[in-house]
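Data from target.cif: mmCIF, C-alpha atoms and all ligand atoms
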```
data_start
#
loop_
_atom_site.label_atom_id
_atom_site.label_comp_id
_atom_site.auth_asym_id
_atom_site.auth_seq_id
_atom_site.Cartn_x
_atom_site.Cartn_y
_atom_site.Cartn_z
CA MET A 1 -113.61 -107.20 -95.90
CA ASP A 2 -114.12 -103.86 -94.15
CA ARG A 3 -115.98 -101.16 -96.07
CA LEU A 4 -113.10 -98.70 -96.17
CA SER A 5 -110.65 -101.06 -97.79
CA ARG A 6 -113.34 -102.42 -100.11
CA ASP A 7 -114.12 -98.89 -101.30
CA ARG A 8 -110.41 -98.20 -101.78
CA PHE A 9 -110.15 -101.18 -104.13
CA ARG A 10 -113.37 -100.18 -105.91
CA ASP A 11 -111.87 -96.74 -106.43
CA PHE A 12 -109.09 -98.38 -108.41
CA LEU A 13 -111.66 -99.07 -111.13
CA LYS A 14 -112.82 -95.44 -111.26
CA ASP A 15 -111.16 -92.53 -113.03
CA THR A 16 -111.39 -90.20 -110.03
CA VAL A 17 -107.64 -90.72 -109.55
CA ARG A 18 -107.13 -88.40 -112.54
CA GLN A 19 -108.30 -85.46 -110.40
CA GLU A 20 -105.37 -86.13 -108.07
CA VAL A 21 -102.77 -85.90 -110.82
CA ASP A 22 -101.04 -82.62 -111.57
CA PHE A 23 -100.54 -83.22 -115.27
CA THR A 24 -98.24 -80.20 -115.59
CA ASN A 25 -95.84 -82.05 -113.34
CA THR A 26 -95.71 -85.52 -114.92
CA ASP A 27 -92.30 -86.72 -116.07
CA GLN A 28 -93.45 -86.25 -119.65
CA ASN A 29 -94.47 -82.63 -119.08
CA ARG A 30 -91.29 -81.92 -117.12
CA GLY A 31 -89.38 -82.76 -120.30
CA ILE A 32 -87.91 -86.07 -119.14
CA ALA A 33 -87.13 -88.36 -122.09
CA PRO A 34 -89.57 -91.24 -122.57
CA PRO A 35 -88.45 -94.69 -121.39
CA PRO A 36 -87.54 -97.21 -124.12
CA ILE A 37 -90.48 -98.87 -125.85
CA GLU A 38 -89.08 -102.30 -125.10
CA LYS A 39 -86.75 -103.60 -122.44
CA PRO A 40 -83.15 -103.29 -123.68
CA ILE A 41 -81.42 -106.32 -125.20
CA PRO A 42 -78.35 -107.41 -123.20
CA SER A 43 -75.21 -106.93 -125.30
CA GLY A 44 -73.92 -110.06 -127.01
CA SER A 45 -77.37 -111.73 -127.03
CA GLN A 46 -78.04 -114.26 -129.77
CA CYS A 47 -81.60 -113.40 -130.75
CA ILE A 48 -83.79 -115.74 -132.76
CA ASP A 49 -85.57 -114.51 -135.89
CA LEU A 50 -89.32 -115.04 -136.09
CA VAL A 51 -91.34 -115.42 -139.27
CA PRO A 52 -92.03 -111.87 -140.59
CA ALA A 53 -95.61 -110.66 -140.31
CA GLU A 54 -96.02 -110.27 -144.09
CA LYS A 55 -95.48 -114.03 -144.49
CA LEU A 56 -98.25 -114.81 -141.98
CA ARG A 57 -101.10 -113.23 -143.89
CA ASP A 58 -102.65 -116.59 -144.94
CA ILE A 59 -102.15 -118.48 -141.68
CA SER A 60 -105.75 -118.21 -140.46
CA VAL A 61 -107.84 -121.29 -141.23
CA ILE A 62 -111.19 -119.72 -140.25
CA ASP A 63 -112.90 -116.35 -140.67
CA VAL A 64 -113.17 -113.71 -137.92
CA PHE A 65 -116.83 -114.46 -137.20
CA THR A 66 -116.05 -118.13 -136.59
CA ALA A 67 -112.96 -117.33 -134.51
CA ILE A 68 -114.99 -115.08 -132.20
CA ASP A 69 -117.91 -117.49 -132.13
CA HIS A 70 -115.63 -120.44 -131.21
CA ARG A 71 -113.61 -118.59 -128.60
CA ARG A 72 -113.59 -120.23 -125.22
CA SER A 73 -111.08 -120.99 -122.48
CA ARG A 74 -109.42 -124.34 -123.12
CA ARG A 75 -107.21 -126.03 -120.58
CA VAL A 76 -106.35 -129.33 -122.28
CA PHE A 77 -103.73 -129.42 -125.03
CA ASN A 78 -102.52 -132.22 -127.29
CA ALA A 79 -98.88 -133.15 -127.93
CA VAL A 80 -98.64 -131.57 -131.39
CA PRO A 81 -95.90 -128.93 -131.38
CA LEU A 82 -96.56 -125.34 -132.38
CA SER A 83 -94.56 -124.33 -135.43
CA MET A 84 -92.35 -121.24 -135.48
CA GLN A 85 -94.78 -119.78 -137.97
CA GLU A 86 -97.68 -120.25 -135.55
CA LEU A 87 -95.72 -118.86 -132.60
CA SER A 88 -94.65 -115.86 -134.71
CA PHE A 89 -98.30 -115.23 -135.57
CA LEU A 90 -99.40 -115.36 -131.91
CA LEU A 91 -96.64 -112.96 -130.86
CA TRP A 92 -97.41 -110.57 -133.70
CA ALA A 93 -101.16 -110.74 -132.95
CA THR A 94 -100.61 -109.85 -129.30
CA GLN A 95 -97.79 -107.29 -129.37
CA GLY A 96 -96.58 -106.82 -132.95
CA VAL A 97 -95.33 -103.36 -133.89
CA ARG A 98 -97.32 -101.73 -136.67
CA LYS A 99 -95.35 -98.51 -136.96
CA LEU A 100 -92.44 -96.86 -135.16
CA ALA A 101 -93.64 -93.30 -134.56
CA SER A 102 -91.03 -91.32 -132.62
CA PRO A 103 -88.38 -92.24 -130.06
CA GLY A 104 -90.26 -93.82 -127.18
CA ASN A 105 -93.44 -94.34 -129.19
CA ALA A 106 -94.60 -97.20 -131.41
CA PHE A 107 -98.03 -98.26 -132.61
CA ARG A 108 -98.79 -101.94 -132.17
CA VAL A 109 -101.57 -104.25 -133.34
CA VAL A 110 -103.32 -103.81 -129.97
CA PRO A 111 -104.45 -100.50 -128.49
CA SER A 112 -102.82 -98.98 -125.42
CA ALA A 113 -103.72 -95.94 -123.32
CA GLY A 114 -101.65 -93.03 -124.63
CA CYS A 115 -99.82 -95.54 -126.85
CA ARG A 116 -97.56 -96.24 -123.87
CA HIS A 117 -97.54 -100.08 -124.17
CA ALA A 118 -96.23 -100.87 -120.69
CA LEU A 119 -96.19 -104.66 -121.18
CA GLU A 120 -93.43 -107.14 -121.97
CA THR A 121 -94.08 -110.69 -123.20
CA TYR A 122 -92.20 -113.69 -121.80
CA LEU A 123 -92.64 -117.25 -123.02
CA CYS A 124 -92.17 -120.54 -121.22
CA VAL A 125 -91.48 -122.74 -124.23
CA PHE A 126 -92.11 -126.49 -123.92
CA ASN A 127 -93.15 -127.77 -127.34
CA VAL A 128 -92.36 -125.41 -130.20
CA ALA A 129 -90.61 -126.96 -133.23
CA GLY A 130 -87.09 -125.59 -133.49
CA LEU A 131 -86.92 -124.01 -130.03
CA GLU A 132 -85.30 -125.48 -126.93
CA GLU A 133 -87.30 -125.58 -123.72
CA GLY A 134 -86.75 -122.42 -121.71
CA ILE A 135 -87.81 -118.87 -121.00
CA TYR A 136 -87.68 -116.33 -123.82
CA ARG A 137 -88.65 -112.68 -124.19
CA TYR A 138 -90.38 -111.28 -127.28
CA LEU A 139 -88.70 -108.27 -128.88
CA PRO A 140 -91.59 -106.52 -130.70
CA VAL A 141 -89.43 -103.94 -132.47
CA GLU A 142 -87.07 -106.55 -133.96
CA HIS A 143 -89.78 -109.27 -134.12
CA GLN A 144 -87.28 -111.67 -132.56
CA LEU A 145 -86.99 -113.85 -129.49
CA LEU A 146 -84.39 -113.25 -126.81
CA PRO A 147 -83.38 -116.41 -124.90
CA VAL A 148 -83.60 -115.52 -121.19
CA SER A 149 -82.90 -118.68 -119.17
CA GLN A 150 -83.31 -122.45 -119.07
CA PRO A 151 -84.44 -123.23 -115.51
CA ALA A 152 -84.58 -126.90 -114.50
CA HIS A 153 -88.05 -128.38 -113.92
CA LEU A 154 -89.69 -125.50 -115.81
CA SER A 155 -93.03 -127.27 -116.20
CA TYR A 156 -93.26 -127.89 -112.45
CA ARG A 157 -92.07 -124.39 -111.57
CA ILE A 158 -94.53 -122.55 -113.82
CA SER A 159 -97.40 -124.72 -112.53
CA GLU A 160 -96.31 -124.06 -108.95
CA ALA A 161 -96.15 -120.32 -109.73
CA ALA A 162 -99.69 -120.63 -111.15
CA LEU A 163 -100.87 -121.92 -107.75
CA GLY A 164 -100.94 -125.57 -108.84
CA GLN A 165 -102.87 -125.02 -112.09
CA VAL A 166 -100.99 -127.84 -113.81
CA PHE A 167 -102.30 -127.08 -117.30
CA VAL A 168 -100.12 -123.94 -117.27
CA GLY A 169 -97.04 -126.24 -117.40
CA LYS A 170 -98.53 -128.67 -119.93
CA SER A 171 -98.78 -126.22 -122.81
CA ALA A 172 -96.72 -125.93 -125.97
CA VAL A 173 -95.88 -122.42 -124.78
CA THR A 174 -97.12 -120.29 -121.91
CA PHE A 175 -97.32 -116.54 -122.47
CA ILE A 176 -96.56 -114.39 -119.42
CA TRP A 177 -97.06 -110.66 -119.54
CA THR A 178 -95.17 -108.37 -117.21
CA ALA A 179 -95.80 -104.67 -116.63
CA ILE A 180 -93.09 -102.01 -116.63
CA PRO A 181 -95.29 -99.38 -114.91
CA TYR A 182 -92.97 -96.43 -115.46
CA ARG A 183 -93.68 -96.51 -119.20
CA MET A 184 -97.27 -95.53 -118.39
CA GLU A 185 -96.49 -93.46 -115.25
CA TRP A 186 -94.20 -91.24 -117.34
CA ARG A 187 -97.37 -89.84 -118.92
CA TYR A 188 -100.16 -90.57 -116.42
CA ASP A 189 -98.46 -90.69 -113.01
CA ILE A 190 -100.75 -92.47 -110.51
CA ALA A 191 -103.53 -92.69 -113.11
CA ALA A 192 -101.35 -95.24 -114.96
CA HIS A 193 -102.18 -98.49 -113.25
CA LYS A 194 -105.80 -99.15 -114.13
CA VAL A 195 -105.11 -98.60 -117.83
CA ILE A 196 -102.16 -101.00 -117.76
CA ALA A 197 -104.57 -103.70 -116.56
CA ILE A 198 -107.07 -102.78 -119.29
CA ASP A 199 -104.28 -102.97 -121.89
CA ALA A 200 -103.43 -106.51 -120.74
CA GLY A 201 -107.04 -107.55 -121.40
CA HIS A 202 -106.79 -106.43 -125.02
CA VAL A 203 -103.59 -108.38 -125.51
CA CYS A 204 -105.00 -111.60 -124.10
CA GLN A 205 -108.22 -111.27 -126.09
CA ASN A 206 -106.16 -111.03 -129.28
CA LEU A 207 -104.34 -114.19 -128.17
CA TYR A 208 -107.67 -116.02 -127.77
CA ILE A 209 -108.86 -114.98 -131.23
CA ALA A 210 -105.50 -115.67 -132.89
CA CYS A 211 -105.40 -119.12 -131.27
CA GLU A 212 -108.86 -119.96 -132.58
CA ALA A 213 -107.74 -118.82 -136.04
CA ILE A 214 -104.98 -121.49 -136.13
CA ARG A 215 -106.89 -124.19 -134.23
CA ALA A 216 -104.88 -123.66 -131.08
CA ALA A 217 -106.21 -123.13 -127.60
CA THR A 218 -105.57 -120.85 -124.65
CA CYS A 219 -106.91 -119.85 -121.26
CA ALA A 220 -106.38 -116.54 -119.45
CA VAL A 221 -104.83 -117.02 -116.02
CA ALA A 222 -104.74 -114.26 -113.42
CA ALA A 223 -104.37 -116.42 -110.29
CA TYR A 224 -100.67 -116.90 -109.55
CA HIS A 225 -98.03 -116.47 -106.86
CA GLN A 226 -96.45 -113.08 -107.47
CA GLU A 227 -93.02 -113.69 -105.95
CA LEU A 228 -92.58 -117.18 -107.43
CA LEU A 229 -93.47 -116.03 -110.92
CA ASP A 230 -91.33 -112.88 -110.80
CA LYS A 231 -88.40 -114.95 -109.54
CA LEU A 232 -88.84 -117.52 -112.31
CA LEU A 233 -88.79 -114.75 -114.93
CA GLY A 234 -85.85 -112.97 -113.29
CA VAL A 235 -87.69 -109.64 -112.89
CA ASP A 236 -87.36 -107.43 -109.82
CA GLY A 237 -91.03 -107.39 -108.74
CA ASN A 238 -91.24 -103.60 -108.49
CA ASP A 239 -90.08 -101.86 -111.67
CA GLU A 240 -91.23 -104.94 -113.59
CA PHE A 241 -93.58 -107.70 -112.45
CA ALA A 242 -95.86 -110.38 -113.89
CA ILE A 243 -99.53 -109.50 -114.28
CA TYR A 244 -101.16 -112.17 -116.50
CA LEU A 245 -100.51 -115.57 -118.09
CA ALA A 246 -101.96 -117.70 -120.85
CA PRO A 247 -100.87 -121.26 -121.75
CA VAL A 248 -101.24 -122.15 -125.43
CA GLY A 249 -101.30 -125.49 -127.19
CA LYS A 250 -102.95 -127.36 -130.01
CA VAL A 251 -106.51 -128.40 -129.30
CA LYS A 252 -107.10 -131.84 -127.81
CA GLY A 253 -108.66 -134.11 -130.42
CA ASP A 254 -107.53 -132.06 -133.45
C1 LIG B 301 -109.00 -111.89 -116.05
C2 LIG B 301 -109.24 -113.39 -116.15
C3 LIG B 301 -108.61 -114.23 -115.26
C4 LIG B 301 -108.77 -115.62 -115.36
N1 LIG B 301 -108.06 -116.44 -114.53
C5 LIG B 301 -108.18 -117.77 -114.67
C6 LIG B 301 -107.39 -118.65 -113.86
O1 LIG B 301 -106.55 -118.23 -113.07
N2 LIG B 301 -107.56 -119.98 -114.04
C7 LIG B 301 -108.45 -120.50 -114.96
O2 LIG B 301 -108.53 -121.72 -115.07
N3 LIG B 301 -109.20 -119.68 -115.74
C8 LIG B 301 -109.09 -118.34 -115.62
N4 LIG B 301 -109.81 -117.51 -116.44
C9 LIG B 301 -110.72 -118.07 -117.45
C10 LIG B 301 -112.19 -117.96 -116.99
O3 LIG B 301 -112.44 -118.92 -116.01
C11 LIG B 301 -113.12 -118.12 -118.20
O4 LIG B 301 -112.94 -117.03 -119.09
C12 LIG B 301 -114.59 -118.19 -117.78
O5 LIG B 301 -114.85 -119.35 -117.04
C13 LIG B 301 -115.54 -118.14 -118.98
O6 LIG B 301 -115.24 -119.19 -119.88
P1 LIG B 301 -114.89 -118.89 -121.41
O7 LIG B 301 -113.62 -118.07 -121.45
O8 LIG B 301 -114.69 -120.25 -122.03
O9 LIG B 301 -116.03 -118.14 -121.99
C14 LIG B 301 -109.64 -116.14 -116.35
C15 LIG B 301 -110.28 -115.28 -117.25
C16 LIG B 301 -110.04 -113.92 -117.17
C17 LIG B 301 -110.68 -113.01 -118.20
#
```

Please, can you express the file's structure as structure tokens?
Amino acid sequence: MDRLSRDRFRDFLKDTVRQEVDFTNTDQNRGIAPPPIEKPIPSGSQCIDLVPAEKLRDISVIDVFTAIDHRRSRRVFNAVPLSMQELSFLLWATQGVRKLASPGNAFRVVPSAGCRHALETYLCVFNVAGLEEGIYRYLPVEHQLLPVSQPAHLSYRISEAALGQVFVGKSAVTFIWTAIPYRMEWRYDIAAHKVIAIDAGHVCQNLYIACEAIRAATCAVAAYHQELLDKLLGVDGNDEFAIYLAPVGKVKGD
């Protein structure tokens, strides 16, 4: 690695980029309407209701201290299906909407720079009671699932897209987060991208803790083949692209 390009990538982690942004000239400050807080739902879609958050209050089987203390990356899952209640809890814990604020702005259970929430959640479902195998998208505002596609050989294809990490295709459900960068760029211009990555970390950490709370398991995965994964999800790879994955299943031996 030559020093110049190394330093360029190190700069990505710094906030010096902010000095390059003319904040009077961002799309937000030029009066352009904010982008939608979630990707639109194609007309005629048959969305699937999830269990409402208020009915999930007692789902945790351990306290917060124990959940944090037990947290570790787990890559082996048993064959016990996740219930819709458990899946609803994991989706709420990672991206649930707490309060709709104004058009283009909603508070969620995780923090986000400028409350821009530039992430979408896709699921590769393999073993969730009541759901067919396939790819789904979470709709945080409606707290519903949108069926996206049912590709053949999904387990093989998601493992291939995860660079041969086969456990990614042996889960009950694999979470895949995409970024829609414009949601953050609208406010922060070229200072948007580092904070999108930080936001993804918060989301995945909540998934780890929520999994521990219901005796499920997960493992963050950031090594994947960009084009294969974007193609599998059906996203364009520029205005929306995958940035992080996490397979989830019940814990081996439980
Ligand atoms: C950003 C990030 C990316 C990761 N990518 C992978 C991955 O691609 N494959 C994998 O098996 N584990 C991955 N991990 C899990 C780490 O290997 C794991 O967190 C680390 O070994 C420490 O173990 P622990 O999480 O059990 O404490 C990733 C973790 C993070 C936070």

| Within 7 Å of stretch 166-173 of chain A using all atoms listed in the file, minus same-chain residues under 2 positions, as a VMD selection string | chain A and resid 75 to 77 81 to 82 123 to 128 155 to 156 158 to 159 162 164 175 247 to 249

| query | In Å, how far is it from atom CA of A:Ile180 to atom CA of A:Pro40? | reply |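 Interatomic distance, atom CA of A:Ile180 to atom CA of A:Pro40: 12.3 Å.
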
| task | Using only C-alpha atoms and all ligand atoms, find each residue with an atom at most 8 Å away from ligand LIG 301 (chain B) and format the answer as a list in words. | result | Arg71, Arg72, Ser73, Arg74, Arg75, Ala162, Gln165, Gly201, Cys219, Ala220, Val221, Ala222, Ala223, Tyr224 and Tyr244 of chain A

Given the selection you just returned, output its residues as a file containing C-alpha atoms, formatted as a compact mmCIF listing (two decimals), in the frame of the given file.
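File written: again-v9.txt
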```
# COMPACT_ATOMS: atom_id res chain seq x y z
CA ARG A 71 -113.61 -118.59 -128.60
CA ARG A 72 -113.59 -120.23 -125.22
CA SER A 73 -111.08 -120.99 -122.48
CA ARG A 74 -109.42 -124.34 -123.12
CA ARG A 75 -107.21 -126.03 -120.58
CA ALA A 162 -99.69 -120.63 -111.15
CA GLN A 165 -102.87 -125.02 -112.09
CA GLY A 201 -107.04 -107.55 -121.40
CA CYS A 219 -106.91 -119.85 -121.26
CA ALA A 220 -106.38 -116.54 -119.45
CA VAL A 221 -104.83 -117.02 -116.02
CA ALA A 222 -104.74 -114.26 -113.42
CA ALA A 223 -104.37 -116.42 -110.29
CA TYR A 224 -100.67 -116.90 -109.55
CA TYR A 244 -101.16 -112.17 -116.50
```

| query | Which is closest to A:Leu56 among A:Leu87, A:Leu232, A:Met1, A:Ala179, if we use only C-alpha atoms? | reply |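 Ranked by minimum distance to A:Leu56, first place goes to A:Leu87.
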
| message | One number please: atom CA of A:His143 to atom CA of A:Cys47, in Å, one decimal. | response |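 Going from atom CA of A:His143 over to atom CA of A:Cys47, I get 9.8 Å.
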
| Contacts of A:Thr178 at 12 Å (all atoms listed in the file; same-chain gap of 6+ positions) as JSON, numbers by chain | {"A": [38, 39, 117, 118, 119, 120, 121, 122, 123, 137, 138, 196, 197, 199, 200, 203, 222, 226, 229, 230, 233, 234, 235, 236, 237, 238, 239, 240, 241, 242, 243, 244, 245]}

Give me a file of those residues, with C-alpha atoms, as a short mmCIF file (atom, residue, chain, number, x, y, z; two decimals), in the frame of the given file.
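Generated file (selection-v6.cif):
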```
data_model
loop_
_atom_site.label_atom_id
_atom_site.label_comp_id
_atom_site.auth_asym_id
_atom_site.auth_seq_id
_atom_site.Cartn_x
_atom_site.Cartn_y
_atom_site.Cartn_z
CA GLU A 38 -89.08 -102.30 -125.10
CA LYS A 39 -86.75 -103.60 -122.44
CA HIS A 117 -97.54 -100.08 -124.17
CA ALA A 118 -96.23 -100.87 -120.69
CA LEU A 119 -96.19 -104.66 -121.18
CA GLU A 120 -93.43 -107.14 -121.97
CA THR A 121 -94.08 -110.69 -123.20
CA TYR A 122 -92.20 -113.69 -121.80
CA LEU A 123 -92.64 -117.25 -123.02
CA ARG A 137 -88.65 -112.68 -124.19
CA TYR A 138 -90.38 -111.28 -127.28
CA ILE A 196 -102.16 -101.00 -117.76
CA ALA A 197 -104.57 -103.70 -116.56
CA ASP A 199 -104.28 -102.97 -121.89
CA ALA A 200 -103.43 -106.51 -120.74
CA VAL A 203 -103.59 -108.38 -125.51
CA ALA A 222 -104.74 -114.26 -113.42
CA GLN A 226 -96.45 -113.08 -107.47
CA LEU A 229 -93.47 -116.03 -110.92
CA ASP A 230 -91.33 -112.88 -110.80
CA LEU A 233 -88.79 -114.75 -114.93
CA GLY A 234 -85.85 -112.97 -113.29
CA VAL A 235 -87.69 -109.64 -112.89
CA ASP A 236 -87.36 -107.43 -109.82
CA GLY A 237 -91.03 -107.39 -108.74
CA ASN A 238 -91.24 -103.60 -108.49
CA ASP A 239 -90.08 -101.86 -111.67
CA GLU A 240 -91.23 -104.94 -113.59
CA PHE A 241 -93.58 -107.70 -112.45
CA ALA A 242 -95.86 -110.38 -113.89
CA ILE A 243 -99.53 -109.50 -114.28
CA TYR A 244 -101.16 -112.17 -116.50
CA LEU A 245 -100.51 -115.57 -118.09
#
```

| query | In Å, how far is it from atom CA of A:Asp11 to atom CA of A:Cys204? | reply |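 Spanning atom CA of A:Asp11 to atom CA of A:Cys204 is a straight-line distance of 24.1 Å.
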